[in-house]
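Peer 1: First the structure, which I've put down as structure tokens, then a few questions once you've had a look.
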Amino acid sequence: MIAATWIGTSWKMNKLLAEAKAFASRLRECPPPPGVRRFVIPAFPAIHTVAVALGPDSDVMVGAQNAHWEDAGAWTGEVSVPQVKDAGATLVEIGHSERRTHFNETDATVNLKVRAVVRQGLIPLICVGEPEEVFRRREASEYIVSQAQAALRQVPDGSDVLIAYEPVWAIGEAGRAAEPEDLEQPFAALTDALDGRVRAILYGGSVTTDNAAEILAVPGVDGLFVGRAAWDVEGYLALVELAARRGGRELAGASSTRTAPRLASEGLDRPSVPQSTGESSCLA
Ligand code: 13P
């Protein structure tokens, strides 16, 4: 089986409907690249617009940036997993550091939400990452493994789960991308602790086309979760193109070390990893 390289973007609190639709329409023009799994995570109001603009047969997965742990009820201002599923999401991001920092998201609420996502048959994208002082103390690996294990408590084996390792100090305008050597130990630790329980482990935090290739070359990195550099669709497509070149190497023989979970849903409702079509780049 081919190990895909995942390239996803969260738009955070950006894009009006027309902008979201234009991004999705441009993606729709681009054939699925060889060996790359694509996803986009709009803000709630644009999920349905993006899903419709991509079309029912698109390889591009659509996600939500958060969801409540209850399926319905008197929770003013919250959005449930059944609601985002109904809008067209197949993936739900849980526990981004901006939510942990600004909205008091804890390991306990992250876990409740992850279980709600799995219960509804969607894929949780669980974000973990250490603050700068933990990184400086060289305790990043213990910290993120503990966050990931807490998020996965009582999640049935065989659930389809993604992890994004996003060091808090690497995210956003004030962030600086991790150096590849900073990533070796954390990815080895996550792989050791989680292998067989998760589909893929992604890196996020100040990814650009300048550093993407070297980050993807770190053992255990299965893809990239990108903010600013992918908000412009051509920036996103450039990262996809870069990952497709990496995917081509995998097709040629290099192998991923990840043991993916055996999924109850495998082969039923998930599109398979796009194979090489030999088609040329979709860059503008
Ligand atoms: P940036 O790529 O803008 O640093 O954001 C990363 C991120 O938070 C993705 O979730």
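Note on naming: chains are A, B, ... as they come in the structure tokens, residues start from 1 per chain, ligands start from 1 in the order shown.
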When the cut-off is 10 Å and you count only C-alpha atoms and all ligand atoms, which residues lie near ligand 1, shown as JSON, numbers by chain?
Peer 2: {"A": [8, 9, 10, 11, 12, 41, 65, 93, 95, 96, 97, 98, 127, 164, 165, 166, 167, 168, 169, 170, 171, 172, 173, 174, 175, 176, 177, 203, 204, 205, 206, 207, 208, 224, 225, 226, 227, 228, 229, 230, 231]}
Peer 1: Could you write those residues out with C-alpha atoms, as an mmCIF file, in the first residue's frame?
Peer 2:
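Below is the file again_11.cif, written as the result:
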```cif
data_model
loop_
_atom_site.group_PDB
_atom_site.id
_atom_site.type_symbol
_atom_site.label_atom_id
_atom_site.label_comp_id
_atom_site.auth_asym_id
_atom_site.auth_seq_id
_atom_site.Cartn_x
_atom_site.Cartn_y
_atom_site.Cartn_z
ATOM 1 C CA GLY A 8 -3.926 20.245 4.557
ATOM 2 C CA THR A 9 -4.769 23.795 5.432
ATOM 3 C CA SER A 10 -6.926 25.395 8.078
ATOM 4 C CA TRP A 11 -8.167 28.810 7.103
ATOM 5 C CA LYS A 12 -8.710 29.721 10.766
ATOM 6 C CA ILE A 41 -10.615 23.217 6.860
ATOM 7 C CA GLN A 65 -11.954 23.527 13.027
ATOM 8 C CA GLU A 93 -9.713 19.383 13.921
ATOM 9 C CA GLY A 95 -7.299 20.830 20.232
ATOM 10 C CA HIS A 96 -5.456 23.412 18.148
ATOM 11 C CA SER A 97 -3.167 25.455 20.408
ATOM 12 C CA GLU A 98 -5.164 28.619 19.667
ATOM 13 C CA CYS A 127 -3.378 18.864 17.442
ATOM 14 C CA ALA A 164 -0.771 17.173 13.899
ATOM 15 C CA TYR A 165 2.344 18.070 15.868
ATOM 16 C CA GLU A 166 2.407 21.856 15.993
ATOM 17 C CA PRO A 167 4.868 23.359 18.476
ATOM 18 C CA VAL A 168 3.136 26.405 20.011
ATOM 19 C CA TRP A 169 6.232 28.540 19.358
ATOM 20 C CA ALA A 170 6.190 27.630 15.664
ATOM 21 C CA ILE A 171 2.644 28.756 14.836
ATOM 22 C CA GLY A 172 1.493 32.036 13.315
ATOM 23 C CA GLU A 173 3.000 35.487 12.794
ATOM 24 C CA ALA A 174 5.094 35.313 15.952
ATOM 25 C CA GLY A 175 6.257 31.772 15.228
ATOM 26 C CA ARG A 176 9.359 30.340 13.600
ATOM 27 C CA ALA A 177 9.349 26.963 11.874
ATOM 28 C CA TYR A 203 3.813 18.726 11.149
ATOM 29 C CA GLY A 204 2.402 22.254 11.389
ATOM 30 C CA GLY A 205 3.871 25.675 12.195
ATOM 31 C CA SER A 206 5.273 28.275 9.770
ATOM 32 C CA VAL A 207 5.498 25.823 6.875
ATOM 33 C CA THR A 208 6.411 27.448 3.550
ATOM 34 C CA LEU A 224 2.020 19.111 6.556
ATOM 35 C CA PHE A 225 -0.738 21.117 8.193
ATOM 36 C CA VAL A 226 -0.428 24.648 6.926
ATOM 37 C CA GLY A 227 -1.863 28.032 7.799
ATOM 38 C CA ARG A 228 -0.699 31.267 6.213
ATOM 39 C CA ALA A 229 1.344 29.824 3.341
ATOM 40 C CA ALA A 230 -1.691 27.945 2.026
ATOM 41 C CA TRP A 231 -4.432 30.545 2.389
#
```
Peer 1: With a distance cut-off of 12 Å and only C-alpha atoms, select the neighbouring residues of Lys85 (chain A), excluding the residue or stretch itself and same-chain residues fewer than 2 positions from it, and output the selection as a PyMOL selection string.
Peer 2: chain A and resi 44+47-48+51+61-64+66-67+71+79-83+87-92+116-123
Peer 1: Include N, CA and C atoms and write out the residues we just selected as an mmCIF file, in the first residue's frame.
Peer 2:
```cif
data_model
loop_
_atom_site.group_PDB
_atom_site.id
_atom_site.type_symbol
_atom_site.label_atom_id
_atom_site.label_comp_id
_atom_site.auth_asym_id
_atom_site.auth_seq_id
_atom_site.Cartn_x
_atom_site.Cartn_y
_atom_site.Cartn_z
ATOM 1 N N PHE A 44 -16.650 27.454 10.085
ATOM 2 C CA PHE A 44 -17.959 26.779 10.000
ATOM 3 C C PHE A 44 -18.859 27.261 8.853
ATOM 4 N N ILE A 47 -18.142 25.672 5.344
ATOM 5 C CA ILE A 47 -17.939 24.230 5.132
ATOM 6 C C ILE A 47 -18.822 23.725 3.985
ATOM 7 N N HIS A 48 -20.088 24.066 4.048
ATOM 8 C CA HIS A 48 -21.004 23.530 3.044
ATOM 9 C C HIS A 48 -20.702 24.083 1.660
ATOM 10 N N ALA A 51 -17.676 22.256 0.333
ATOM 11 C CA ALA A 51 -17.990 20.866 -0.019
ATOM 12 C C ALA A 51 -18.758 20.823 -1.350
ATOM 13 N N MET A 61 -10.621 16.291 1.102
ATOM 14 C CA MET A 61 -11.483 16.171 2.279
ATOM 15 C C MET A 61 -11.744 17.564 2.853
ATOM 16 N N VAL A 62 -12.950 17.747 3.365
ATOM 17 C CA VAL A 62 -13.320 19.021 3.978
ATOM 18 C C VAL A 62 -13.454 18.802 5.479
ATOM 19 N N GLY A 63 -12.938 19.747 6.248
ATOM 20 C CA GLY A 63 -12.965 19.581 7.699
ATOM 21 C C GLY A 63 -13.631 20.740 8.413
ATOM 22 N N ALA A 64 -13.791 20.556 9.735
ATOM 23 C CA ALA A 64 -14.243 21.635 10.622
ATOM 24 C C ALA A 64 -13.105 21.917 11.604
ATOM 25 N N ASN A 66 -13.394 22.684 14.793
ATOM 26 C CA ASN A 66 -13.755 22.381 16.179
ATOM 27 C C ASN A 66 -15.143 21.778 16.128
ATOM 28 N N ALA A 67 -15.560 21.132 17.195
ATOM 29 C CA ALA A 67 -16.964 20.724 17.340
ATOM 30 C C ALA A 67 -17.183 20.403 18.810
ATOM 31 N N ASP A 71 -23.977 15.662 20.846
ATOM 32 C CA ASP A 71 -24.523 15.630 19.482
ATOM 33 C C ASP A 71 -25.541 16.743 19.234
ATOM 34 N N VAL A 79 -21.250 24.201 17.967
ATOM 35 C CA VAL A 79 -21.622 23.460 16.757
ATOM 36 C C VAL A 79 -21.270 21.990 17.001
ATOM 37 N N SER A 80 -22.171 21.083 16.612
ATOM 38 C CA SER A 80 -21.956 19.670 16.931
ATOM 39 C C SER A 80 -21.318 18.916 15.766
ATOM 40 N N VAL A 81 -20.838 17.721 16.076
ATOM 41 C CA VAL A 81 -20.255 16.882 15.019
ATOM 42 C C VAL A 81 -21.320 16.497 13.984
ATOM 43 N N PRO A 82 -22.526 16.079 14.387
ATOM 44 C CA PRO A 82 -23.535 15.790 13.347
ATOM 45 C C PRO A 82 -23.810 16.997 12.442
ATOM 46 N N GLN A 83 -23.736 18.203 13.009
ATOM 47 C CA GLN A 83 -23.988 19.396 12.181
ATOM 48 C C GLN A 83 -22.877 19.613 11.152
ATOM 49 N N ALA A 87 -23.040 19.271 7.028
ATOM 50 C CA ALA A 87 -22.590 20.357 6.139
ATOM 51 C C ALA A 87 -21.557 19.881 5.120
ATOM 52 N N GLY A 88 -21.026 18.659 5.308
ATOM 53 C CA GLY A 88 -20.090 18.122 4.318
ATOM 54 C C GLY A 88 -18.703 17.819 4.855
ATOM 55 N N ALA A 89 -18.486 17.973 6.166
ATOM 56 C CA ALA A 89 -17.158 17.688 6.724
ATOM 57 C C ALA A 89 -16.977 16.175 6.938
ATOM 58 N N THR A 90 -15.765 15.711 6.678
ATOM 59 C CA THR A 90 -15.436 14.316 6.991
ATOM 60 C C THR A 90 -14.302 14.264 8.026
ATOM 61 N N LEU A 91 -13.821 15.419 8.388
ATOM 62 C CA LEU A 91 -12.659 15.542 9.269
ATOM 63 C C LEU A 91 -12.962 16.647 10.286
ATOM 64 N N VAL A 92 -12.519 16.488 11.530
ATOM 65 C CA VAL A 92 -12.721 17.566 12.509
ATOM 66 C C VAL A 92 -11.412 17.784 13.272
ATOM 67 N N ALA A 116 -16.393 12.078 20.356
ATOM 68 C CA ALA A 116 -17.625 12.446 19.628
ATOM 69 C C ALA A 116 -17.405 12.356 18.116
ATOM 70 N N VAL A 117 -16.243 12.790 17.669
ATOM 71 C CA VAL A 117 -15.935 12.754 16.233
ATOM 72 C C VAL A 117 -15.897 11.297 15.747
ATOM 73 N N VAL A 118 -15.211 10.455 16.521
ATOM 74 C CA VAL A 118 -15.090 9.042 16.140
ATOM 75 C C VAL A 118 -16.465 8.358 16.158
ATOM 76 N N ARG A 119 -17.260 8.693 17.161
ATOM 77 C CA ARG A 119 -18.613 8.117 17.291
ATOM 78 C C ARG A 119 -19.451 8.388 16.041
ATOM 79 N N GLN A 120 -19.231 9.536 15.431
ATOM 80 C CA GLN A 120 -20.002 9.917 14.241
ATOM 81 C C GLN A 120 -19.351 9.419 12.947
ATOM 82 N N GLY A 121 -18.242 8.685 13.081
ATOM 83 C CA GLY A 121 -17.595 8.128 11.890
ATOM 84 C C GLY A 121 -16.762 9.128 11.116
ATOM 85 N N LEU A 122 -16.422 10.258 11.748
ATOM 86 C CA LEU A 122 -15.541 11.228 11.096
ATOM 87 C C LEU A 122 -14.112 11.046 11.624
ATOM 88 N N ILE A 123 -13.190 11.719 10.999
ATOM 89 C CA ILE A 123 -11.772 11.578 11.367
ATOM 90 C C ILE A 123 -11.350 12.754 12.237
#
```
Peer 1: Would you please work out which residue, of A:Phe103, A:Val128, A:Gly77, A:Ala53, is nearest to Arg26 (chain A) when using only C-alpha atoms?
Peer 2: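 Checking each of A:Phe103, A:Val128, A:Gly77, A:Ala53 against Arg26 (chain A), counting only C-alpha atoms, the winner is A:Ala53.
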Peer 1: Find the distance between CA of Ile201 (chain A) and CA of Arg153 (chain A) and write it in Å to one decimal.
Peer 2: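 Answer for the CA of Ile201 (chain A) to CA of Arg153 (chain A) separation: 17.6 Å.
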Peer 1: Choose the residue, out of A:Leu237, A:Val198, A:Ala74, A:Ala243, that has the smallest atom-to-atom separation from Leu283 (chain A); count only C-alpha atoms.
Peer 2: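 For Leu283 (chain A), the nearest of the given residues is A:Leu237.
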Peer 1: Do you know which residues are at most 6 Å from region 111-113 of chain A counting only C-alpha atoms, after dropping those on the same chain fewer than 3 positions away, and could you put them as a PyMOL selection string?
Peer 2: chain A and resi 69+108+116+151
Peer 1: Tell me which protein, DNA and RNA residues are within 9 Å of Arg246 (chain A), counting only C-alpha atoms, leaving out same-chain ones fewer than 5 positions away, and put them as a tab-separated table (two decimals) with C-alpha atoms, in the first residue's frame.
Peer 2:
```tsv
chain	number	residue	atom	x	y	z
A	5	THR	CA	1.70	12.51	2.00
A	35	GLY	CA	0.40	10.02	-3.61
A	36	VAL	CA	-1.01	13.13	-1.95
A	213	ALA	CA	10.78	19.55	1.58
A	216	LEU	CA	8.87	16.17	4.91
A	217	ALA	CA	12.25	14.41	4.82
A	241	GLU	CA	3.07	19.83	-5.95
A	251	LEU	CA	5.97	5.04	-5.37
```
Peer 1: Counting only C-alpha atoms, what is within 12 Å of Glu142 (chain A), bar same-chain residues fewer than 5 positions away, as a list in words?
Peer 2: Val128, Gly129, Glu130, Val134, Phe135, Arg137, Gln147, Ala148, Gln149, Gln185, Pro186, Phe187, Ala188, Ala189, Leu190, Asp192 and Ala193 of chain A
Peer 1: Dump C-alpha atoms for the selected residues as a tab-separated table (two decimals), in the first residue's frame?
Peer 2:
```tsv
chain	number	residue	atom	x	y	z
A	128	VAL	CA	-0.59	18.57	20.00
A	129	GLY	CA	2.32	20.88	20.70
A	130	GLU	CA	4.49	22.17	23.51
A	134	VAL	CA	8.94	23.10	27.46
A	135	PHE	CA	10.86	22.98	24.19
A	137	ARG	CA	13.81	22.30	28.68
A	147	GLN	CA	-1.32	15.18	25.11
A	148	ALA	CA	-1.86	12.60	22.36
A	149	GLN	CA	-2.43	9.75	24.78
A	185	GLN	CA	12.96	13.24	18.49
A	186	PRO	CA	9.30	14.36	18.78
A	187	PHE	CA	8.30	12.41	15.67
A	188	ALA	CA	10.20	9.34	16.83
A	189	ALA	CA	8.48	9.58	20.22
A	190	LEU	CA	4.99	10.01	18.70
A	192	ASP	CA	6.76	4.86	19.10
A	193	ALA	CA	3.85	5.77	21.35
```
Peer 1: Between A:Ala140, A:Pro180, A:Trp6, A:Val221, which residue has the minimum interatomic distance to Pro34 (chain A), considering only C-alpha atoms?
Peer 2: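 Among the listed residues, the smallest separation from Pro34 (chain A) belongs to A:Trp6.
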Peer 1: Where does DSSP see alpha helix (DSSP H) in region 181-252 of chain A, if you list the residues as an mmCIF file with C-alpha atoms, in the first residue's frame?
Peer 2:
```
data_model
loop_
_atom_site.group_PDB
_atom_site.id
_atom_site.type_symbol
_atom_site.label_atom_id
_atom_site.label_comp_id
_atom_site.auth_asym_id
_atom_site.auth_seq_id
_atom_site.Cartn_x
_atom_site.Cartn_y
_atom_site.Cartn_z
ATOM 1 C CA GLU A 181 16.643 18.380 13.740
ATOM 2 C CA ASP A 182 14.103 19.702 16.311
ATOM 3 C CA LEU A 183 11.542 17.358 14.814
ATOM 4 C CA GLU A 184 13.441 14.087 14.820
ATOM 5 C CA GLN A 185 12.962 13.237 18.490
ATOM 6 C CA PRO A 186 9.302 14.356 18.782
ATOM 7 C CA PHE A 187 8.296 12.415 15.672
ATOM 8 C CA ALA A 188 10.200 9.338 16.828
ATOM 9 C CA ALA A 189 8.484 9.576 20.219
ATOM 10 C CA LEU A 190 4.994 10.007 18.699
ATOM 11 C CA THR A 191 5.619 7.155 16.283
ATOM 12 C CA ASP A 192 6.762 4.855 19.104
ATOM 13 C CA ALA A 193 3.855 5.774 21.355
ATOM 14 C CA LEU A 194 1.083 5.819 18.736
ATOM 15 C CA ALA A 212 8.461 21.993 3.328
ATOM 16 C CA ALA A 213 10.780 19.549 1.581
ATOM 17 C CA GLU A 214 13.278 19.342 4.442
ATOM 18 C CA ILE A 215 10.474 18.919 6.984
ATOM 19 C CA LEU A 216 8.870 16.166 4.910
ATOM 20 C CA VAL A 233 -4.801 28.719 -3.345
ATOM 21 C CA GLU A 234 -1.671 28.929 -5.494
ATOM 22 C CA GLY A 235 0.434 28.670 -2.328
ATOM 23 C CA TYR A 236 -1.532 25.587 -1.333
ATOM 24 C CA LEU A 237 -1.117 24.042 -4.787
ATOM 25 C CA ALA A 238 2.633 24.710 -4.696
ATOM 26 C CA LEU A 239 2.881 22.705 -1.447
ATOM 27 C CA VAL A 240 0.768 19.919 -2.946
ATOM 28 C CA GLU A 241 3.066 19.830 -5.950
ATOM 29 C CA LEU A 242 6.101 19.596 -3.698
ATOM 30 C CA ALA A 243 4.519 16.710 -1.790
ATOM 31 C CA ALA A 244 3.588 14.955 -5.025
ATOM 32 C CA ARG A 245 7.276 14.870 -5.908
ATOM 33 C CA ARG A 246 7.932 13.215 -2.525
ATOM 34 C CA GLY A 247 5.037 10.810 -3.172
ATOM 35 C CA GLY A 248 6.660 9.880 -6.449
ATOM 36 C CA ARG A 249 9.755 8.759 -4.572
ATOM 37 C CA GLU A 250 7.627 6.571 -2.359
ATOM 38 C CA LEU A 251 5.967 5.039 -5.371
#
```
Peer 1: Using DSSP on the backbone, list every residue of region 25-200 of chain A that comes out as strand (DSSP E or B), and give them as a list in words.
Peer 2: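 These are the residues in question: Val36, Arg37, Arg38, Phe39, Val40, Ile41, Met61, Val62, Gly63, Ala64, His68, Ser80, Leu91, Val92, Glu93, Ile94, Ile123, Pro124, Leu125, Ile126, Cys127, Val128, Leu162, Ile163, Ala164, Tyr165 and Ala200 of chain A.
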